[in-house]
Each structure stands twice: as C-alpha cells, then as structure tokens.
Amino acid sequence: MGYTATDIIHIGDPFVLVDGDTYYMYATHSSDGISVWKGRTPEKVEPVGLCYSKENSFGYECFWAPEVVKRADGKYVMHFTARDRADGLLRTGVAVSDSPTGPFLDVIPGKAMFDIGMATIDATCFTDDDGQSYLFYVKDCSVNIINGIHTSQIYGAKLSDDLTKLVGEHILIATPTQEWETRSLGAPCMSALEDEKFKHGKELFMWNEGPAILKHDGKYYMTYSANCYDSKLYSVGVAVADSPLGPYKKSDKNPIMSYIEGEISGPGHNAFFRDRKGKLVCAFHIHTDYDKPSGDRRYCLCPAEFENGELKLLYK
C-alpha cells in the first residue's frame, strides 16, 4: 500500500469530488479565490483555474479548505472559508454552481453562510442514509479562547435540504484533549517545535480542525487534524460515534496518521472519496519541503479501509 505524493504543490486542504468519469480536486491555493483541478484519475489532475473568484465574494482573502458536493437537483454546492469584508473575521461561505468547475457564486451575494460572532473555518458536509445533511465546522483559534488558550474546536449542526443553511442546534463535537494534540501548544505557525513559549506575546494555541465524516456499519467516524499546520507534528486523529452529532469518542490509538521521520512532514487536513472502482481513498497534504515546513504543501493520496471496526489510513 502506502501513499502517493503527486506533483501538485503550493496547496493545502485537498478535497476530491468524483463526478461521472472525472475527478475534481479543490484546495487552498490562491489569494484570488478557489482553484480546481480535473482529470481521469485522482493522481493526475490538471489545473483548470479559479472556480470561485474574490471579485464576487463576501471575502477578500484566506480562501481556504473548499469542499464541493453534488446536490439532488444536479447543482454543485461549495462550502469554504474566507475572511469577511465586513469585519475581517474568518467565516464559512456557501456558493452554488451549475458545473463542478464553476463559476460558483455566493448563495446570498456578499454574505457568508452564517455568522455566530466567531471566526469559523474548515466546513465539511455529510449526508446520512436517511437524507439528512449536516455541516461540521471549526471555531477558529484566532478568536476562540478557552481557559486562556487559543483553541480550535469542531462543531456540527443540521443542514437545510438545499445544503445552504444551518437549521439545528450547534453541537460541540471535539476539542483538544489528548496528549498528542498539544505538542505544538506553544509554537504555532512558525515551526519552533521545541519552544516552550509562543514568541508573539507568549500566547498558547491548540487545534482540533479539518473534520471529515464517514459512516461504516452504523457507526460514524470523524477524522480531524491537530497541532499547528506548519509543524511536522500536524497529524490526523479519529473519533467514533453512534449518531452524526455525537457524542464522539476519540481513539486511544491516535494519531492514525503522522509524520514519517526523514520522509513526510505534517500530514493532515484529509478528506475521503470513493474512486470509480469503489475503493475508499484518503486525500491529504504534506509539507512540500520536509526540512522547512510551511503553508506550501503537496497533494497526496492513500488507501483507507475499515478493519474490525477501526479506520485505517494506509499511508505507510
């Protein structure tokens, strides 16, 4: 088995949509909007260009973590992050298109999907077997401070049938609790992994972010990423629940994907899809430069499977 490192770099947070015979990959990439790639295999996708443009967006920068689903009516719905022109906070956007390559347009022109008075990022949509859809998102650590620590936490809520509105209670799904999730506590966004204090104001940060949801044998599996995105310690964990909105129990075998010494740094912010043969595949990113981890990341893939009720990411 093992992972496949593609030639696509300068990206983050890859997500793959399979539509007919074509694979579409969306990623954090451009300051001008959301980019898309397409191809006949998930490993070999070619750049198409922007499918969502800053010119028509509620946001002006930080176009992050796009994910696209095909709605029952044949429209394509994108959930993503952008920094709101109104007040500069990171917010979750929702845009719709007739094509997977766009153009995607904000459902409400110039407006984010929702506003809870808090920065939100990393939205992902999950639809259960009964047709009910859910949105999982992250309260971002930039403004979410818990017990004096900047903390990214995962929340979930029911979605409207058209996938554009939250219609239920916002439920806390995951917050940093396990030891491995706090290893870059004092050194976010600068790869100073051994520093005990965060150099910019001595503040502390923790993350649970980048959720992705799978259902298997009646159980709900949520993968998520922890530690700082530009740290080699950025890794993936999994939690399991009996219902979509939890409660989720984190695996005592976490992390289920982490760096390989001398080979890959900071694997994380994964998403899942089934290829045209029905095989479960995990898309994720790693740092392009192992020795100098940063926001420059590479699109990677690996097989995934369930074994005795455990989710396995076969990246090694």
# chains A, B, ... in the order shown; residues from 1 in each chain; ligands from 1
$ residues_around --residues "Cys282 in chain A" --least-positions-apart "4" --cutoff "12 Å" --atoms "only C-alpha atoms" --output "number ranges by chain"
A: 2-4, 13-17, 42-43, 212-214, 223, 236, 257, 267-275, 299-305, 311-315
$ select_by_dssp --residues "range 101-209 of chain A" --states "strand (DSSP E or B)" --output "ChimeraX atom specification"
/A:105-106,120-127,133-139,145-146,149-159,166,171-174,205-207,209
$ atom_distance --atom1 "CA of Ser97 in chain A" --atom2 "CA of Ala157 in chain A"
23.3 Å
$ select_by_dssp --residues "range 57-280 of chain A" --states "helix (DSSP H, G or I)" --output "PyMOL selection string"
chain A and resi 179-182
$ write_last_selection --atoms "C-alpha atoms" --output "PDB file, in the first residue's frame"
ATOM      1  CA  GLU A 179      -1.660  14.475  24.747  1.00  0.00           C
ATOM      2  CA  TRP A 180      -0.584  14.222  21.089  1.00  0.00           C
ATOM      3  CA  GLU A 181      -2.888  17.161  20.223  1.00  0.00           C
ATOM      4  CA  THR A 182      -0.922  19.605  22.385  1.00  0.00           C
TER       5      THR A 182
END
$ closest_residue --among "A:Ser99, A:Asn208, A:Ser235, A:Gln153" --to "Ile260 in chain A" --atoms "only C-alpha atoms"
A:Ser235
$ closest_residue --among "A:Ile264, A:Val48, A:Val94, A:Leu204" --to "Phe284 in chain A" --atoms "only C-alpha atoms"
A:Ile264
$ residues_around --residues "Leu135 in chain A" --least-positions-apart "5" --cutoff "9 Å" --atoms "only C-alpha atoms" --output "PyMOL selection string"
chain A and resi 123-127+155-159+163+166
$ residues_around --residues "Ile146 in chain A" --least-positions-apart "5" --cutoff "10 Å" --atoms "only C-alpha atoms" --output "count of residues only"
6
$ residues_around --residues "Gly59 in chain A" --least-positions-apart "6" --cutoff "6 Å" --atoms "only C-alpha atoms" --output "list of chain:residue names"
A:Ala82, A:Arg83, A:Asp84, A:Arg85
$ write_last_selection --atoms "N, CA, C and O atoms" --output "mmCIF file, in the first residue's frame"
data_model
loop_
_atom_site.group_PDB
_atom_site.id
_atom_site.type_symbol
_atom_site.label_atom_id
_atom_site.label_comp_id
_atom_site.auth_asym_id
_atom_site.auth_seq_id
_atom_site.Cartn_x
_atom_site.Cartn_y
_atom_site.Cartn_z
ATOM 1 N N ALA A 82 -13.385 32.059 4.059
ATOM 2 C CA ALA A 82 -12.827 33.308 3.543
ATOM 3 C C ALA A 82 -12.896 34.357 4.648
ATOM 4 O O ALA A 82 -13.689 34.235 5.584
ATOM 5 N N ARG A 83 -12.069 35.368 4.525
ATOM 6 C CA ARG A 83 -12.075 36.455 5.506
ATOM 7 C C ARG A 83 -13.080 37.515 5.079
ATOM 8 O O ARG A 83 -12.985 38.082 3.995
ATOM 9 N N ASP A 84 -14.053 37.756 5.941
ATOM 10 C CA ASP A 84 -15.208 38.594 5.631
ATOM 11 C C ASP A 84 -14.812 40.059 5.435
ATOM 12 O O ASP A 84 -14.121 40.649 6.279
ATOM 13 N N ARG A 85 -15.269 40.633 4.325
ATOM 14 C CA ARG A 85 -15.014 42.048 4.071
ATOM 15 C C ARG A 85 -15.655 42.932 5.144
ATOM 16 O O ARG A 85 -15.178 44.041 5.421
#
$ closest_residue --among "A:Asp230, A:Lys70, A:Lys277, A:Asn254" --to "Tyr290 in chain A" --atoms "only C-alpha atoms"
A:Asp230
$ atom_distance --atom1 "CA of Gly88 in chain A" --atom2 "CA of Leu105 in chain A"
20.0 Å
$ closest_residue --among "A:Lys165, A:Lys111, A:His10, A:Arg183" --to "Tyr134 in chain A" --atoms "only C-alpha atoms"
A:Lys165
$ closest_residue --among "A:Thr6, A:Asn308, A:Thr41, A:Ser35" --to "Gly20 in chain A" --atoms "only C-alpha atoms"
A:Thr41
$ residues_around --residues "Tyr248 in chain A" --least-positions-apart "6" --cutoff "9 Å" --atoms "only C-alpha atoms" --output "ChimeraX atom specification"
/A:173-174,220-222,239-242
$ atom_distance --atom1 "CA of Ala5 in chain A" --atom2 "CA of Ile286 in chain A"
8.6 Å
$ residues_around --residues "Thr92 in chain A" --least-positions-apart "6" --cutoff "9 Å" --atoms "only C-alpha atoms" --output "number ranges by chain"
A: 79-83, 112-115, 119-123, 137
